[in-house]
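Reviewing the structure listed below.
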Amino acid sequence: RLNSLAEGIDDVSDSNTTAHEAVDEERRDFIHIAAGAAAVAGAGLVAYPLVDQMNAAGDTKAASSLEVDISKIPLGGEIRVLIGGKPFFLRHRTVAEISAAASAVMSKLPDPETDEERLEPLPDGTLNPAILVTSGACTHLGCVPVGPAQGAVGDYGGWYCPCHGSHYDTSGRIRKGPAPKNLPVPNYEYVTPTVVKISL
């Protein structure tokens with residue numbers, strides 16, 4: 001009789017131990033998950049300021065773009081702006097200049113590009129062929145070509161780089177001389193029909 005009583009106590013003890021171990025494992029799993037989540041959150045809190053300080057400051061971002069009122073550009077003239085120390089041309093082309101740019105024979109261009117490919121759309125999706133925006137650095141050695149503002153437009157009516165004799169047409173495409181490429185079209189957009197934002 002004593003033996004059966006002892007066996008019953010052992011059975012109760014074993015079942016209590018098994019239940020207690022199951023509770024401990026669940027608690028341990030929860031503690032591990034909570035500790036891991038806290039560690040990840042802590043790492044994120046530490047990492048964010050370190051990564052954020054690598055972003056450009058507000059004044060640097062402001063210096064990397066410029067809004068220009070194109071309604072101030074006289075017909076047949078241009079304005080030149082500097083953004084981040086880089087020159088850009090904004091030209092108000094005449095009907096004759098637009099026509100000359102559109103009628104260029106692609107097979108004769110060293111760097112073929114249509115005039116329309118060099119224009120960005122207005123907010124309504126249409127193109128304004130009267131306004132051309134280009135980089136102001138010659139693609140040969142980075143000199144700044146002269147243009148209508150200086151009274152020298154080269155053989156093709158656009159811009160002329162007197163340093164080594166590169167001639168650009170009224171679409172900023174290279175037509176003659178050592179420059180290998182057209183004047184690049186920068187990243188720009190029309191904020192309104194009369195305001196262009198150029199960004200580096």
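Labels for the structure tokens follow display order: chains A, B, ..., residues from 1 in each chain, ligands from 1.
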Do you know which residues are at most 7 Å from segment 146-152 of chain A counting only C-alpha atoms, after dropping those on the same chain fewer than 3 positions away, and could you put them as a PyMOL selection string? chain A and resi 77-78+158-161
Could you dump the residues just selected with all heavy atoms as a PDB file, in the first residue's frame?
ATOM      1  N   GLY A  77      17.309  86.315 -76.812  1.00  0.00           N
ATOM      2  CA  GLY A  77      18.380  86.468 -75.816  1.00  0.00           C
ATOM      3  C   GLY A  77      18.469  85.262 -74.889  1.00  0.00           C
ATOM      4  O   GLY A  77      17.786  84.256 -75.054  1.00  0.00           O
ATOM      5  N   GLU A  78      19.343  85.393 -73.923  1.00  0.00           N
ATOM      6  CA  GLU A  78      19.549  84.326 -72.947  1.00  0.00           C
ATOM      7  C   GLU A  78      19.889  84.926 -71.600  1.00  0.00           C
ATOM      8  O   GLU A  78      20.278  86.094 -71.513  1.00  0.00           O
ATOM      9  CB  GLU A  78      20.681  83.388 -73.390  1.00  0.00           C
ATOM     10  CG  GLU A  78      22.047  84.058 -73.348  1.00  0.00           C
ATOM     11  CD  GLU A  78      23.209  83.112 -73.648  1.00  0.00           C
ATOM     12  OE1 GLU A  78      23.002  81.910 -73.807  1.00  0.00           O
ATOM     13  OE2 GLU A  78      24.343  83.619 -73.705  1.00  0.00           O
ATOM     14  N   GLY A 158      23.967  79.289 -82.472  1.00  0.00           N
ATOM     15  CA  GLY A 158      23.730  78.938 -81.072  1.00  0.00           C
ATOM     16  C   GLY A 158      24.765  79.524 -80.137  1.00  0.00           C
ATOM     17  O   GLY A 158      24.631  80.647 -79.651  1.00  0.00           O
ATOM     18  N   TRP A 159      25.837  78.756 -79.909  1.00  0.00           N
ATOM     19  CA  TRP A 159      26.925  79.190 -79.043  1.00  0.00           C
ATOM     20  C   TRP A 159      28.247  78.832 -79.704  1.00  0.00           C
ATOM     21  O   TRP A 159      28.310  77.934 -80.533  1.00  0.00           O
ATOM     22  CB  TRP A 159      26.837  78.484 -77.683  1.00  0.00           C
ATOM     23  CG  TRP A 159      25.670  78.919 -76.866  1.00  0.00           C
ATOM     24  CD1 TRP A 159      25.625  79.955 -75.968  1.00  0.00           C
ATOM     25  CD2 TRP A 159      24.363  78.353 -76.861  1.00  0.00           C
ATOM     26  NE1 TRP A 159      24.371  80.057 -75.423  1.00  0.00           N
ATOM     27  CE2 TRP A 159      23.569  79.083 -75.947  1.00  0.00           C
ATOM     28  CE3 TRP A 159      23.762  77.293 -77.541  1.00  0.00           C
ATOM     29  CZ2 TRP A 159      22.235  78.799 -75.702  1.00  0.00           C
ATOM     30  CZ3 TRP A 159      22.428  76.995 -77.298  1.00  0.00           C
ATOM     31  CH2 TRP A 159      21.683  77.745 -76.387  1.00  0.00           C
ATOM     32  N   TYR A 160      29.267  79.556 -79.280  1.00  0.00           N
ATOM     33  CA  TYR A 160      30.597  79.341 -79.846  1.00  0.00           C
ATOM     34  C   TYR A 160      31.606  79.308 -78.705  1.00  0.00           C
ATOM     35  O   TYR A 160      31.599  80.167 -77.824  1.00  0.00           O
ATOM     36  CB  TYR A 160      30.936  80.471 -80.820  1.00  0.00           C
ATOM     37  CG  TYR A 160      32.364  80.477 -81.302  1.00  0.00           C
ATOM     38  CD1 TYR A 160      32.868  79.418 -82.061  1.00  0.00           C
ATOM     39  CD2 TYR A 160      33.217  81.534 -80.999  1.00  0.00           C
ATOM     40  CE1 TYR A 160      34.175  79.418 -82.499  1.00  0.00           C
ATOM     41  CE2 TYR A 160      34.527  81.549 -81.445  1.00  0.00           C
ATOM     42  CZ  TYR A 160      35.010  80.479 -82.183  1.00  0.00           C
ATOM     43  OH  TYR A 160      36.308  80.474 -82.626  1.00  0.00           O
ATOM     44  N   CYS A 161      32.462  78.287 -78.715  1.00  0.00           N
ATOM     45  CA  CYS A 161      33.514  78.198 -77.699  1.00  0.00           C
ATOM     46  C   CYS A 161      34.823  78.641 -78.341  1.00  0.00           C
ATOM     47  O   CYS A 161      35.418  77.893 -79.132  1.00  0.00           O
ATOM     48  CB  CYS A 161      33.622  76.761 -77.175  1.00  0.00           C
ATOM     49  SG  CYS A 161      34.733  76.633 -75.760  1.00  0.00           S
TER      50      CYS A 161
END
Residues near segment 134-142 of chain A, anyone? I mean within 6 Å using only C-alpha atoms, not counting same-chain ones fewer than 4 positions away, as a PyMOL selection string. chain A and resi 87-89+179+181+183-186
Residue neighbourhood segment 110-124 of chain A, 10 Å, only C-alpha atoms, exclusion window fewer than 6 positions, as a PyMOL selection string: chain A and resi 98-104+130-134+170-177+179-196
Suppose you want the space between atom CA of Asp29 of chain A and atom CA of Ala47 of chain A; what is it in Å?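 Atom-to-atom, atom CA of Asp29 of chain A and atom CA of Ala47 of chain A are spaced 26.8 Å apart.
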